[in-house]
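Colleague: Take this structure first; my questions come after.
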Amino acid sequence: MSDLKLPSRSDDFSEWYNELVLRAELADYAPVRGCMIVRPYGWALWENIQQSLDRSFKATGHVNAAFPLLIPRSFIEKEKSHVEGFSPELAVVTHGGGEELEEPLVVRPTSETIIGHSFAKWIQSYRDLPLLINQWNSVVRWEMRTKLFLRTTEFFWQEGHTAHATLEEAEAETRQMLEIYRDFAVKDAAIPVIPGRKSESERFAGADQTYSIEAMMGDGKALQSGTSHNLGQNFSRAFEIRYLDKNGELQHCWTTSWGLSTRFIGAIIMVHGDDQGLILPPRLAPYQAVIVPIYKSDEEKAQVIQAAQKIKAELVSSQIRVILDDREGASPGFKFNDWEMRGVPLRVEIGPKDVQKNTVVLARRDKPGREGKSFIPQAGVIDAVKQALDTIQKALYERALNFRESNTADPKDYKEFQSAVEKGFACSFWCGSSECEKSIKEETKATLRCIPIDQPGDSGVCIYCGKPAGEKAYFAKAY
């Protein structure tokens, strides 16, 4: 790891982010423009995200499957709004095995079409419903402006696809998955999010309704962190996904899709990180604790390493993800800085005096310096570490929530609105007009992030045109 300091977040947030992703060894640039290589440390973080979400999906009756990477071009073209939405981003294979293909194949940008084709074969009767499928995969969207994790040509995600007998069941599924994403963001990632529905212009191509969770990053910008779509009968009509109901009548299914991607890693970085590097929420961190032995002589080394190995074994037996940094030729100070860069929530320091006193030092990543240090007996290390990790998890969430609230405004007029979106979120009444939404975007570069599910219950006037409005919406500049 380089000894050079990271750029300051306050001076250049974008460059701070770019440097941190590389130097914390989360990802690297690939030879193909816009693609990324996810390094082991970054993949371990993604695996923990996967495992948490996968448990929730399976607890609600979903099962995993795998669908092809290559999709016939004709499939994409079956759903009109879908092809219009994705055409500029498609990667198309025209040759294979040295010959031109009879039909071009699209490298999947998402899987509604190939899954719709399969659902049409698998669903015959109401007894086959609901059909609840998820897959973990990668997709390709030919992005012009790319940024590691946040927007790459190829990215990793999960995409859920379900079919239902009624609109009501499909809507319940769509909202259920949005709540799963919200719960994950809050409880596991320690990121406060605003769940809500998208405006018509921001909906997923081919959806009747799109919901999202929106999070505020450390520079005040928004990040769409997960989406859930009620596709109505658009794809079931395009692919003839039909079932015989209890009366023996043929009906089209109602379908949904929903996804959360590696862009969420970008959210974790930008919400929690500081000028020293990453700060990872304990529930998702690849390592929840790092043990750093401190010694000068070979005699001290033997005693300290032995004690450190014993502590590591105890923590491992208690299902705490821990690493012992016994690298030769690296000073304790270098190791401290290295693991701070990597965002490990808790550091366990042990030196010769600690061995004599049967104590260790715990240092919290979220509270640098003396404020975050505590001295505890080795006999109580497991309980102390668990308690510290819980405390850090809660503290990260509270800090992120306080930051969002202090940078969210309820502007009285459009002038205040323009100022508000320069530094954070504006929560304002909106009349529902796409023209007002478009004008706001053109004039301020802020987009309508979502119409929150939790509404104040009163009415007001549109922040842009002054006409009566019954709902508030969040506006912000976004990634």
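Each chain in the structure tokens gets a letter, A, B and so on, in the order shown; residues start at 1 in every chain, and ligands are counted from 1 in the order they appear.
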If you run DSSP on the backbone here, which positions in stretch 11-159 of chain A get strand (DSSP E)? Please write them as number ranges by chain.
Modeller: A: 27-29, 36-38, 63-64, 70-72, 91-96, 99-107, 131-140, 154-159
Colleague: For A:Leu129, work out the shell of residues within 7 Å, counting only C-alpha atoms and skipping chain neighbours fewer than 2 positions away, then give it as a PyMOL selection string.
Modeller: chain A and resi 126-127+131+163-165
Colleague: Which polymer residues have any atom within 10 Å of an atom of stretch 58-60 of chain A, counting only C-alpha atoms, with same-chain residues fewer than 2 positions away left out, as a PyMOL selection string?
Modeller: chain A and resi 53-56+62-64+132-134+173+176-177+180
Colleague: Ranking A:Ser199, A:Ile291, A:Ile350, A:Leu223 by minimum distance to A:Glu437 and counting only C-alpha atoms, which one comes first?
Modeller: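 Of A:Ser199, A:Ile291, A:Ile350, A:Leu223, the one nearest A:Glu437 is A:Ser199, counting only C-alpha atoms.
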Colleague: Which residues of stretch 71-181 of chain A come within 12 Å of stretch 22-32 of chain A, and what is each one's closest atom pair and distance in Å (one decimal), counting only C-alpha atoms, sorted by chain and residue number, as a Markdown table?
Modeller:
| residue | atom | partner | partner_atom | distance |
| --- | --- | --- | --- | --- |
| A:Trp142 | CA | A:Val32 | CA | 11.3 |
| A:Thr146 | CA | A:Tyr29 | CA | 10.6 |
| A:Lys147 | CA | A:Tyr29 | CA | 9.6 |
| A:Leu148 | CA | A:Ala27 | CA | 7.3 |
| A:Phe149 | CA | A:Ala27 | CA | 8.2 |
| A:Leu150 | CA | A:Ala27 | CA | 11.7 |
| A:Thr152 | CA | A:Tyr29 | CA | 10.1 |
| A:Thr153 | CA | A:Val32 | CA | 9.1 |
| A:Glu154 | CA | A:Val32 | CA | 10.0 |
| A:Phe155 | CA | A:Ala27 | CA | 11.9 |
